[in-house]
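Data first, discussion second: the structure below is written as structure tokens.
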Amino acid sequence: MSDGLRRGPRRAFLLAALAIFLVLLLLGARLGAGRSSEPAGSPLSEWMENGLLVLLLAVAGAAGFVGVRLEGSRDAALRQLELESARYRELCESSGDMIQSVDSRGRLLYVNPSWLETLGYAEGEVLGRPFGDFLLPSELPHCQEVFGRLLAGQEVQDIETIFVAKDGRKIFIEGDSSASFRDGRFVATRGFFRDVTARKLLEADKQRYLRRIETQNLELELRNREVEQANRLKSEFLAAMSHELRTPLTSIIGFSDILEEDQETPLLPIQRTYLGYVRKGARHLLALINEILDLSKIEAGRLDLHPVETPLDGVIPEVVTTLQPLAEAKAIRIECKVAPGLAVYADRVRLKQVLFNLLGNALKFSPEGGAVGLEAACLGSLTCFAVTDSGPGIPPEEQEEIFTEFHQILETSTGVREGTGLGLAIARRLVEQQGGRIWVESEPGRGSCFRFLLPATPQGPGVPLPRERNEAMAPEPRRGTVLVIDGPGEEGVLSDTVLSLGCRPLAARDGREALYLLERIRPSAVVVNLLLPELDGFQLVLRIRADPTLRDLPVLALVKPGMSLPSMDLLCAGPTEVLCPEPGRLRETLEPELAKILGHPLASALAGAGVL
């Protein structure tokens, strides 16, 4: 463009000079002819010469005028060109991107200040040097391939490579590059790049973190398998030993009864006292062995359950009548509130065993003259039971531990510890294996309330639970099912809240169990407390987002006020909402979020039920 601007005025001035030269030449010829003695030409020739002279003068004037105008236009165009060049240079100089230009020999023609600042060089240390001097050696083949594509006239986008700064740091960059040509000849390349080192390092840290988590989880999985194998062998051994362990005790009890009832050879009073000790000890030992064997059968999967539609009108009076002597011995009132015609779909014998365990514990821990309550009510497709006592209560941190095997934290009202600590563990297993759930609500000094849910009818969905032996867990997605993972010391809180909002809770006890359940069932959402044992909530969210099949699963992460969080980019990748409910307002916090996820207003029928 600038060459054309320069040639235009030059040609106009040459044309004007040529026209003036011809005019002068013609005038000289005429003057020479005037001095000559030859006769003058004809009038026509003279007229033609005059016309030619006028034409040459007009051409000379026009050429001069055009030359002057072109000279002015050239100056204006050059000024505009310099202005545009300055503007583009200013944009390049002030750009936050790294801009560079490389010639056909691979040497740097231009770099902007951002390029220099990122790599830590001065301009004099860079221009004219091979571009490869600033690349990581392993990146040279890749960049040479890109340079070849540019020479072929292609525009290369999404380039990723690694520069080396002056101090040796690796600088990860990405961007686009193109080539400029003049008259079909390659001139230079133009590159526009961004420094993405921080993002690349963060991604590398994330991958290392996930790999470390994966390694730890594999180690834990191996250990868990070893523990499960040991437990299975133990359970199978105890289940197989049921006959050998029970037979001697049955003989001791039977012969003790014969000795006591023998009228022909009556025992002395001291002998009768000793025999009473033998009978009492044998019966107590048999009860303990029965509990251990029941638990072993449950763990080994050998406990046969025969659920039927069982009216409570026949079950609860039997249980209360059996326990009435124990209640009268301590002057304790047993108050029952059971709606008429209420039924439950469960194994009748095992339902009575659960009620015996819960009511027996309530009587043991209630003081003399106290009260024990038993309530049952319909809760949609479920039947809810509640057993209350007036005992010392259970601290919040122990309310989940009491359901573990051999765990005893309380003394009876007589000040001693009784039993093996298996009653509640067996009750939980029996309830869960029949599609229900059991939990406790208690405050120290204010008694306890044990609640459990069971299906009311054979078609009742029950409450899905995080037990590996629960074969009723459906693998297909269920609308309204919410996977909940409580924090330590808050077991059952999220499940109760989700249940009260009309959703179906799927409870996991820790992050590992949650991942196990997510492999088998797809809930509508996950509600997780970020403070978890075993696999913490942050790791659980990362594992969910790292799984392509779970990446779009909505997650509601609960945090406590003032809790410090990791990078929100990692935590909130995907549909994750971080919630900070105020004390006592968990339900109000979860309700709008779950309603938004499920796409419909949450039912409130369960919330109004008296038993909850």
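By convention in this document, the chains of the structure tokens carry letters A, B, ... by their order, each chain's residues are numbered from 1, and ligands are numbered from 1 in the order they are shown.
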With the cut-off set at 10 Å and counting only C-alpha atoms, tabulate each residue of region 126-240 of chain A with an atom at most that distance from an atom of region 536-554 of chain A, showing the nearest atom pair and its distance in Å to one decimal, ordered by chain and increasing number, as CSV.
```
residue,atom,partner,partner_atom,distance
A:Lys206,CA,A:Leu542,CA,9.1
A:Gln207,CA,A:Ala546,CA,9.7
A:Tyr209,CA,A:Gln539,CA,9.2
A:Leu210,CA,A:Arg543,CA,7.6
A:Ile213,CA,A:Gln539,CA,7.7
A:Glu214,CA,A:Arg543,CA,8.9
```
Please write the residues from the selection above to a file, keeping N, CA, C and O atoms, as a short mmCIF file (atom, residue, chain, number, x, y, z; two decimals), in the first residue's frame.
```cif
data_model
loop_
_atom_site.label_atom_id
_atom_site.label_comp_id
_atom_site.auth_asym_id
_atom_site.auth_seq_id
_atom_site.Cartn_x
_atom_site.Cartn_y
_atom_site.Cartn_z
N LYS A 206 -4.73 -31.62 41.41
CA LYS A 206 -5.99 -32.34 41.55
C LYS A 206 -5.84 -33.80 41.14
O LYS A 206 -6.33 -34.70 41.83
N GLN A 207 -5.15 -34.03 40.03
CA GLN A 207 -4.95 -35.40 39.58
C GLN A 207 -4.11 -36.20 40.58
O GLN A 207 -4.41 -37.37 40.86
N TYR A 209 -3.94 -35.60 43.74
CA TYR A 209 -4.80 -35.79 44.91
C TYR A 209 -5.77 -36.94 44.67
O TYR A 209 -5.96 -37.81 45.54
N LEU A 210 -6.37 -36.98 43.47
CA LEU A 210 -7.30 -38.06 43.17
C LEU A 210 -6.59 -39.41 43.09
O LEU A 210 -7.14 -40.43 43.54
N ILE A 213 -5.97 -40.48 46.60
CA ILE A 213 -7.21 -40.97 47.19
C ILE A 213 -7.55 -42.35 46.66
O ILE A 213 -7.96 -43.24 47.41
N GLU A 214 -7.33 -42.53 45.35
CA GLU A 214 -7.62 -43.83 44.75
C GLU A 214 -6.74 -44.91 45.35
O GLU A 214 -7.21 -46.02 45.65
#
```
Inset, instruction - Would you please extract all alpha helix (DSSP H) residues from region 156-332 of chain A, as assigned by DSSP on the backbone, and give them as a PyMOL selection string? - result: chain A and resi 197-240+242-261+269-300+312-329
Could you write out the selected residues, including C-alpha atoms, as a compact mmCIF listing (two decimals), in the first residue's frame?
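Result file follows (part_6.txt):
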```txt
# COMPACT_ATOMS: atom_id res chain seq x y z
CA THR A 197 0.55 -22.23 34.33
CA ALA A 198 -1.60 -21.73 37.43
CA ARG A 199 -4.48 -23.73 35.93
CA LYS A 200 -2.21 -26.53 34.76
CA LEU A 201 -0.55 -26.81 38.16
CA LEU A 202 -3.95 -26.87 39.86
CA GLU A 203 -5.12 -29.62 37.51
CA ALA A 204 -1.92 -31.56 38.16
CA ASP A 205 -2.41 -31.18 41.93
CA LYS A 206 -5.99 -32.34 41.55
CA GLN A 207 -4.95 -35.40 39.58
CA ARG A 208 -2.25 -36.26 42.13
CA TYR A 209 -4.80 -35.79 44.91
CA LEU A 210 -7.30 -38.06 43.17
CA ARG A 211 -4.62 -40.68 42.48
CA ARG A 212 -3.58 -40.60 46.14
CA ILE A 213 -7.21 -40.97 47.19
CA GLU A 214 -7.62 -43.83 44.75
CA THR A 215 -4.55 -45.57 46.15
CA GLN A 216 -5.78 -45.11 49.72
CA ASN A 217 -9.21 -46.39 48.78
CA LEU A 218 -7.74 -49.46 47.13
CA GLU A 219 -5.72 -50.17 50.27
CA LEU A 220 -8.82 -49.68 52.42
CA GLU A 221 -10.81 -51.92 50.11
CA LEU A 222 -8.24 -54.69 50.48
CA ARG A 223 -8.26 -54.33 54.25
CA ASN A 224 -12.05 -54.30 54.29
CA ARG A 225 -12.14 -57.48 52.28
CA GLU A 226 -9.79 -59.13 54.75
CA VAL A 227 -11.95 -57.96 57.66
CA GLU A 228 -15.13 -59.11 55.91
CA GLN A 229 -13.56 -62.49 55.24
CA ALA A 230 -12.58 -62.84 58.90
CA ASN A 231 -16.06 -61.79 60.04
CA ARG A 232 -17.69 -64.18 57.63
CA LEU A 233 -15.58 -67.10 58.86
CA LYS A 234 -16.32 -66.15 62.46
CA SER A 235 -20.04 -65.91 61.79
CA GLU A 236 -20.10 -69.21 59.93
CA PHE A 237 -18.24 -70.90 62.77
CA LEU A 238 -20.60 -69.58 65.45
CA ALA A 239 -23.66 -70.38 63.39
CA ALA A 240 -22.41 -73.94 62.90
CA SER A 242 -25.28 -73.47 67.69
CA HIS A 243 -26.17 -77.09 68.48
CA GLU A 244 -22.91 -77.84 70.33
CA LEU A 245 -23.21 -74.71 72.50
CA ARG A 246 -26.90 -74.97 73.31
CA THR A 247 -27.16 -78.70 74.03
CA PRO A 248 -25.10 -78.72 77.28
CA LEU A 249 -26.96 -75.70 78.67
CA THR A 250 -30.31 -77.24 77.81
CA SER A 251 -29.31 -80.36 79.71
CA ILE A 252 -28.19 -78.34 82.74
CA ILE A 253 -31.45 -76.38 82.83
CA GLY A 254 -33.59 -79.50 82.25
CA PHE A 255 -31.97 -81.59 84.97
CA SER A 256 -32.04 -78.62 87.36
CA ASP A 257 -35.81 -78.38 86.85
CA ILE A 258 -36.14 -82.14 87.50
CA LEU A 259 -34.15 -81.90 90.73
CA GLU A 260 -36.24 -79.00 91.98
CA GLU A 261 -39.54 -80.69 91.16
CA PRO A 269 -32.95 -75.70 101.71
CA ILE A 270 -29.26 -74.94 101.14
CA GLN A 271 -29.21 -77.32 98.16
CA ARG A 272 -32.34 -75.67 96.72
CA THR A 273 -30.61 -72.26 97.04
CA TYR A 274 -27.51 -73.49 95.23
CA LEU A 275 -29.63 -75.13 92.54
CA GLY A 276 -31.43 -71.80 92.02
CA TYR A 277 -28.08 -70.16 91.35
CA VAL A 278 -27.25 -72.88 88.81
CA ARG A 279 -30.58 -72.51 87.02
CA LYS A 280 -30.39 -68.70 86.95
CA GLY A 281 -26.80 -68.73 85.68
CA ALA A 282 -27.59 -71.35 83.03
CA ARG A 283 -30.64 -69.45 81.75
CA HIS A 284 -28.63 -66.20 81.65
CA LEU A 285 -25.80 -67.91 79.77
CA LEU A 286 -28.29 -69.48 77.34
CA ALA A 287 -29.84 -66.08 76.65
CA LEU A 288 -26.39 -64.62 75.92
CA ILE A 289 -25.49 -67.48 73.62
CA ASN A 290 -28.81 -67.10 71.81
CA GLU A 291 -28.06 -63.43 71.19
CA ILE A 292 -24.56 -64.19 69.89
CA LEU A 293 -25.88 -66.93 67.64
CA ASP A 294 -28.69 -64.72 66.34
CA LEU A 295 -26.15 -62.03 65.43
CA SER A 296 -23.87 -64.61 63.82
CA LYS A 297 -26.72 -65.98 61.74
CA ILE A 298 -27.66 -62.49 60.62
CA GLU A 299 -24.07 -61.68 59.61
CA ALA A 300 -23.67 -65.02 57.84
CA LEU A 312 -50.40 -55.34 65.95
CA ASP A 313 -53.49 -56.06 68.05
CA GLY A 314 -52.13 -59.56 68.63
CA VAL A 315 -48.39 -58.88 68.89
CA ILE A 316 -48.14 -55.94 71.30
CA PRO A 317 -50.38 -57.38 74.06
CA GLU A 318 -48.25 -60.57 74.04
CA VAL A 319 -45.06 -58.58 74.50
CA VAL A 320 -46.50 -56.35 77.21
CA THR A 321 -47.98 -59.31 79.12
CA THR A 322 -44.64 -61.14 79.11
CA LEU A 323 -42.77 -58.09 80.43
CA GLN A 324 -45.43 -57.06 82.94
CA PRO A 325 -43.84 -58.95 85.90
CA LEU A 326 -40.56 -57.10 85.36
CA ALA A 327 -42.44 -53.80 85.24
CA GLU A 328 -44.42 -54.59 88.40
CA ALA A 329 -41.24 -55.50 90.25
```
Legend entry - Every residue of region 251-431 of chain A that DSSP places in strand (DSSP E), as a VMD selection string: chain A and resid 307 to 311 333 to 338 343 to 347 371 to 379 382 to 388
Kindly save the residues from that selection, with N, CA, C and O atoms included, as a CSV table (one decimal), in the first residue's frame.
```
chain,number,residue,atom,x,y,z
A,307,PRO,N,-41.7,-62.7,56.4
A,307,PRO,CA,-42.6,-61.5,56.6
A,307,PRO,C,-44.0,-61.9,56.1
A,307,PRO,O,-44.2,-62.4,55.1
A,308,VAL,N,-44.9,-61.5,57.0
A,308,VAL,CA,-46.3,-61.6,56.6
A,308,VAL,C,-47.0,-60.3,57.1
A,308,VAL,O,-46.5,-59.6,57.9
A,309,GLU,N,-48.3,-60.1,56.7
A,309,GLU,CA,-49.0,-59.0,57.2
A,309,GLU,C,-49.5,-59.3,58.6
A,309,GLU,O,-50.4,-60.2,58.8
A,310,THR,N,-48.9,-58.6,59.6
A,310,THR,CA,-49.1,-59.0,61.0
A,310,THR,C,-49.9,-57.9,61.7
A,310,THR,O,-49.4,-56.7,61.8
A,311,PRO,N,-51.1,-58.1,62.2
A,311,PRO,CA,-51.9,-57.1,63.0
A,311,PRO,C,-51.2,-56.9,64.3
A,311,PRO,O,-50.8,-57.8,65.0
A,333,ARG,N,-45.0,-48.1,85.0
A,333,ARG,CA,-46.2,-48.2,84.2
A,333,ARG,C,-45.8,-48.4,82.7
A,333,ARG,O,-44.9,-47.7,82.2
A,334,ILE,N,-46.5,-49.3,82.0
A,334,ILE,CA,-46.3,-49.5,80.6
A,334,ILE,C,-47.5,-48.9,79.9
A,334,ILE,O,-48.6,-49.4,80.1
A,335,GLU,N,-47.4,-47.8,79.2
A,335,GLU,CA,-48.5,-47.1,78.5
A,335,GLU,C,-48.4,-47.4,77.0
A,335,GLU,O,-47.4,-47.1,76.4
A,336,CYS,N,-49.5,-48.0,76.5
A,336,CYS,CA,-49.5,-48.3,75.1
A,336,CYS,C,-50.5,-47.4,74.3
A,336,CYS,O,-51.6,-47.2,74.8
A,337,LYS,N,-50.1,-46.9,73.2
A,337,LYS,CA,-51.0,-46.1,72.3
A,337,LYS,C,-50.8,-46.7,70.9
A,337,LYS,O,-49.9,-46.3,70.2
A,338,VAL,N,-51.7,-47.6,70.5
A,338,VAL,CA,-51.7,-48.2,69.2
A,338,VAL,C,-53.0,-48.0,68.5
A,338,VAL,O,-54.1,-48.4,69.1
A,343,ALA,N,-51.4,-52.6,61.2
A,343,ALA,CA,-50.7,-53.8,60.8
A,343,ALA,C,-49.3,-53.5,60.3
A,343,ALA,O,-49.0,-52.3,60.0
A,344,VAL,N,-48.5,-54.5,60.2
A,344,VAL,CA,-47.1,-54.3,59.7
A,344,VAL,C,-46.7,-55.5,58.9
A,344,VAL,O,-47.2,-56.6,59.2
A,345,TYR,N,-46.0,-55.3,57.9
A,345,TYR,CA,-45.5,-56.4,57.0
A,345,TYR,C,-44.1,-56.8,57.5
A,345,TYR,O,-43.1,-56.2,57.1
A,346,ALA,N,-44.0,-57.9,58.4
A,346,ALA,CA,-42.8,-58.2,59.0
A,346,ALA,C,-42.9,-59.7,59.5
A,346,ALA,O,-43.9,-60.3,59.5
A,347,ASP,N,-41.7,-60.2,59.8
A,347,ASP,CA,-41.6,-61.5,60.5
A,347,ASP,C,-42.2,-61.4,61.9
A,347,ASP,O,-41.6,-60.6,62.7
A,371,ALA,N,-42.0,-44.6,84.1
A,371,ALA,CA,-43.0,-44.9,83.0
A,371,ALA,C,-42.3,-45.3,81.7
A,371,ALA,O,-41.2,-44.7,81.4
A,372,VAL,N,-42.9,-46.2,81.0
A,372,VAL,CA,-42.4,-46.7,79.7
A,372,VAL,C,-43.6,-46.6,78.8
A,372,VAL,O,-44.7,-47.0,79.1
A,373,GLY,N,-43.3,-46.1,77.6
A,373,GLY,CA,-44.4,-45.9,76.6
A,373,GLY,C,-44.1,-46.7,75.3
A,373,GLY,O,-42.9,-46.8,74.9
A,374,LEU,N,-45.1,-47.2,74.7
A,374,LEU,CA,-45.1,-47.9,73.4
A,374,LEU,C,-46.2,-47.3,72.5
A,374,LEU,O,-47.3,-47.4,72.8
A,375,GLU,N,-45.8,-46.7,71.4
A,375,GLU,CA,-46.7,-46.1,70.4
A,375,GLU,C,-46.5,-46.7,69.1
A,375,GLU,O,-45.4,-47.1,68.7
A,376,ALA,N,-47.5,-46.8,68.3
A,376,ALA,CA,-47.4,-47.2,66.9
A,376,ALA,C,-48.5,-46.4,66.1
A,376,ALA,O,-49.6,-46.2,66.5
A,377,ALA,N,-48.1,-46.0,64.9
A,377,ALA,CA,-48.9,-45.2,64.1
A,377,ALA,C,-48.6,-45.4,62.6
A,377,ALA,O,-47.5,-45.8,62.3
A,378,CYS,N,-49.6,-45.1,61.7
A,378,CYS,CA,-49.4,-45.3,60.3
A,378,CYS,C,-48.7,-44.0,59.8
A,378,CYS,O,-49.1,-42.9,60.1
A,379,LEU,N,-47.7,-44.3,58.9
A,379,LEU,CA,-47.0,-43.2,58.3
A,379,LEU,C,-46.9,-43.4,56.8
A,379,LEU,O,-45.9,-43.8,56.2
A,382,LEU,N,-45.6,-46.8,55.6
A,382,LEU,CA,-44.8,-47.3,56.6
A,382,LEU,C,-45.6,-47.3,58.0
A,382,LEU,O,-46.5,-46.5,58.1
A,383,THR,N,-45.1,-48.1,58.9
A,383,THR,CA,-45.7,-48.1,60.2
A,383,THR,C,-44.5,-47.7,61.2
A,383,THR,O,-43.4,-48.3,61.1
A,384,CYS,N,-44.7,-46.7,62.0
A,384,CYS,CA,-43.7,-46.2,62.9
A,384,CYS,C,-44.0,-46.6,64.3
A,384,CYS,O,-45.1,-46.5,64.8
A,385,PHE,N,-42.9,-47.2,65.0
A,385,PHE,CA,-43.0,-47.5,66.4
A,385,PHE,C,-42.2,-46.6,67.2
A,385,PHE,O,-41.1,-46.1,66.7
A,386,ALA,N,-42.6,-46.3,68.4
A,386,ALA,CA,-41.8,-45.5,69.3
A,386,ALA,C,-41.8,-46.1,70.7
A,386,ALA,O,-42.9,-46.3,71.2
A,387,VAL,N,-40.6,-46.3,71.3
A,387,VAL,CA,-40.5,-46.9,72.6
A,387,VAL,C,-39.8,-45.8,73.5
A,387,VAL,O,-38.6,-45.5,73.2
A,388,THR,N,-40.5,-45.3,74.5
A,388,THR,CA,-39.9,-44.2,75.3
A,388,THR,C,-39.7,-44.7,76.7
A,388,THR,O,-40.4,-45.7,77.2
```
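Taking CA of Glu160 (chain A) and CA of Ser114 (chain A) as the two end points, the separation is 17.8 Å.
Distances to Ser390 (chain A) were evaluated for A:Arg520, A:Arg446, A:Arg348, A:Arg451 using only C-alpha atoms, and the minimum falls at A:Arg446.
With only C-alpha atoms as the atoms that count, the residue of A:Ala76, A:Val578, A:Ile332, A:Ala595 with the shortest distance to Leu359 (chain A) is A:Ile332.
Interatomic distance, CA of Pro396 (chain A) to CA of Arg587 (chain A): 19.5 Å.
One distance worth recording is that between CA of Ala179 (chain A) and CA of Leu150 (chain A), which is 5.6 Å.
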Inset, instruction - Just the residues within 8 Å of Phe192 (chain A), please, counting only C-alpha atoms, with nothing from its chain fewer than 4 positions along; format it as an MDAnalysis selection string. - result: chainID A and resid 97:100 175:177
Quick one: write out the picked residues with N, CA, C and O atoms as a short mmCIF file (atom, residue, chain, number, x, y, z; two decimals), in the first residue's frame?
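result.cif written:
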```cif
data_model
loop_
_atom_site.label_atom_id
_atom_site.label_comp_id
_atom_site.auth_asym_id
_atom_site.auth_seq_id
_atom_site.Cartn_x
_atom_site.Cartn_y
_atom_site.Cartn_z
N ASP A 97 -2.12 -10.70 26.89
CA ASP A 97 -1.66 -11.91 26.22
C ASP A 97 -0.21 -11.78 25.81
O ASP A 97 0.32 -10.68 25.64
N MET A 98 0.42 -12.91 25.60
CA MET A 98 1.79 -12.94 25.08
C MET A 98 1.71 -12.94 23.56
O MET A 98 1.16 -13.87 22.95
N ILE A 99 2.25 -11.88 22.92
CA ILE A 99 2.19 -11.73 21.47
C ILE A 99 3.61 -11.81 20.92
O ILE A 99 4.53 -11.16 21.45
N GLN A 100 3.78 -12.56 19.85
CA GLN A 100 5.11 -12.70 19.26
C GLN A 100 5.00 -12.82 17.75
O GLN A 100 3.94 -13.15 17.21
N GLY A 175 -2.85 -21.00 22.96
CA GLY A 175 -3.31 -19.89 22.14
C GLY A 175 -3.40 -20.27 20.68
O GLY A 175 -3.47 -21.46 20.33
N ASP A 176 -3.37 -19.26 19.81
CA ASP A 176 -3.54 -19.45 18.37
C ASP A 176 -2.38 -18.78 17.64
O ASP A 176 -1.73 -17.87 18.16
N SER A 177 -2.15 -19.23 16.38
CA SER A 177 -1.08 -18.65 15.57
C SER A 177 -1.48 -18.70 14.10
O SER A 177 -2.21 -19.59 13.67
#
```
Selection near Val126 (chain A), 12 Å with only C-alpha atoms, sequence-local residues under 3 positions removed, as an mmCIF file with N, CA and C atoms, in the first residue's frame:
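Ended up saving to result39.cif:
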```cif
data_model
loop_
_atom_site.group_PDB
_atom_site.id
_atom_site.type_symbol
_atom_site.label_atom_id
_atom_site.label_comp_id
_atom_site.auth_asym_id
_atom_site.auth_seq_id
_atom_site.Cartn_x
_atom_site.Cartn_y
_atom_site.Cartn_z
ATOM 1 N N GLN A 100 3.779 -12.559 19.851
ATOM 2 C CA GLN A 100 5.114 -12.700 19.258
ATOM 3 C C GLN A 100 4.999 -12.821 17.746
ATOM 4 N N SER A 101 6.114 -12.536 17.058
ATOM 5 C CA SER A 101 6.204 -12.706 15.611
ATOM 6 C C SER A 101 7.533 -13.374 15.310
ATOM 7 N N VAL A 102 7.487 -14.395 14.440
ATOM 8 C CA VAL A 102 8.674 -15.178 14.110
ATOM 9 C C VAL A 102 8.852 -15.164 12.604
ATOM 10 N N ARG A 107 13.327 -17.041 13.781
ATOM 11 C CA ARG A 107 13.889 -16.081 14.734
ATOM 12 C C ARG A 107 12.809 -15.074 15.131
ATOM 13 N N LEU A 108 12.931 -14.621 16.352
ATOM 14 C CA LEU A 108 11.930 -13.700 16.877
ATOM 15 C C LEU A 108 12.098 -12.315 16.270
ATOM 16 N N LEU A 109 10.982 -11.800 15.680
ATOM 17 C CA LEU A 109 10.983 -10.449 15.140
ATOM 18 C C LEU A 109 10.405 -9.454 16.144
ATOM 19 N N TYR A 110 9.408 -9.922 16.917
ATOM 20 C CA TYR A 110 8.741 -9.000 17.842
ATOM 21 C C TYR A 110 8.145 -9.803 18.996
ATOM 22 N N VAL A 111 8.246 -9.247 20.191
ATOM 23 C CA VAL A 111 7.541 -9.761 21.363
ATOM 24 C C VAL A 111 7.014 -8.560 22.143
ATOM 25 N N ASN A 112 5.842 -8.721 22.735
ATOM 26 C CA ASN A 112 5.286 -7.588 23.479
ATOM 27 C C ASN A 112 5.741 -7.627 24.944
ATOM 28 N N PRO A 113 5.485 -6.571 25.706
ATOM 29 C CA PRO A 113 5.942 -6.531 27.106
ATOM 30 C C PRO A 113 5.418 -7.683 27.947
ATOM 31 N N TRP A 115 4.920 -10.733 27.041
ATOM 32 C CA TRP A 115 5.774 -11.873 26.725
ATOM 33 C C TRP A 115 7.072 -11.777 27.516
ATOM 34 N N LEU A 116 7.680 -10.580 27.486
ATOM 35 C CA LEU A 116 8.947 -10.378 28.197
ATOM 36 C C LEU A 116 8.763 -10.537 29.707
ATOM 37 N N GLU A 117 7.676 -9.975 30.245
ATOM 38 C CA GLU A 117 7.447 -10.025 31.693
ATOM 39 C C GLU A 117 7.194 -11.463 32.146
ATOM 40 N N LEU A 119 8.278 -14.279 30.828
ATOM 41 C CA LEU A 119 9.474 -15.110 30.784
ATOM 42 C C LEU A 119 10.660 -14.480 31.493
ATOM 43 N N GLY A 120 10.543 -13.216 31.900
ATOM 44 C CA GLY A 120 11.607 -12.587 32.675
ATOM 45 C C GLY A 120 12.795 -12.100 31.859
ATOM 46 N N TYR A 121 12.585 -11.760 30.573
ATOM 47 C CA TYR A 121 13.673 -11.301 29.709
ATOM 48 C C TYR A 121 13.525 -9.806 29.429
ATOM 49 N N ALA A 122 14.656 -9.200 28.980
ATOM 50 C CA ALA A 122 14.634 -7.857 28.408
ATOM 51 C C ALA A 122 14.543 -7.992 26.888
ATOM 52 N N GLU A 123 14.054 -6.922 26.224
ATOM 53 C CA GLU A 123 13.839 -7.005 24.781
ATOM 54 C C GLU A 123 15.124 -7.296 24.032
ATOM 55 N N ARG A 129 16.902 -13.899 18.212
ATOM 56 C CA ARG A 129 17.308 -15.238 18.654
ATOM 57 C C ARG A 129 16.317 -16.281 18.152
ATOM 58 N N PRO A 130 16.752 -17.532 17.961
ATOM 59 C CA PRO A 130 15.829 -18.587 17.528
ATOM 60 C C PRO A 130 14.721 -18.790 18.561
ATOM 61 N N PHE A 131 13.530 -18.972 18.048
ATOM 62 C CA PHE A 131 12.388 -19.160 18.937
ATOM 63 C C PHE A 131 12.552 -20.410 19.792
ATOM 64 N N GLY A 132 13.229 -21.436 19.270
ATOM 65 C CA GLY A 132 13.430 -22.672 20.010
ATOM 66 C C GLY A 132 14.246 -22.511 21.274
ATOM 67 N N ASP A 133 15.016 -21.406 21.377
ATOM 68 C CA ASP A 133 15.805 -21.183 22.598
ATOM 69 C C ASP A 133 14.923 -20.989 23.819
ATOM 70 N N PHE A 134 13.651 -20.652 23.627
ATOM 71 C CA PHE A 134 12.772 -20.339 24.749
ATOM 72 C C PHE A 134 11.725 -21.435 24.982
ATOM 73 N N ALA A 165 11.215 -20.053 31.285
ATOM 74 C CA ALA A 165 11.546 -18.695 31.691
ATOM 75 C C ALA A 165 13.051 -18.550 31.911
ATOM 76 N N LYS A 166 13.486 -17.312 32.063
ATOM 77 C CA LYS A 166 14.905 -17.044 32.243
ATOM 78 C C LYS A 166 15.455 -17.713 33.494
#
```
Inset, instruction - Please provide as a PyMOL selection string all residues within 9 Å of Phe403 (chain A), with the sequence filter that same-chain residues fewer than 4 positions apart are discarded (counting only C-alpha atoms). - result: chain A and resi 399+407+421-428+439
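Close contacts of Pro505 (chain A), defined as residues with an atom at most 10 Å away when counting only C-alpha atoms, with chain neighbours fewer than 6 positions off set aside, comprise Val463, Pro464, Leu465, Gly480, Thr481, Val482, Leu483, Val484, Ile485, Leu494, Ser495, Asp496, Thr497, Val498, Leu499, Pro523, Val526 and Val527 of chain A.
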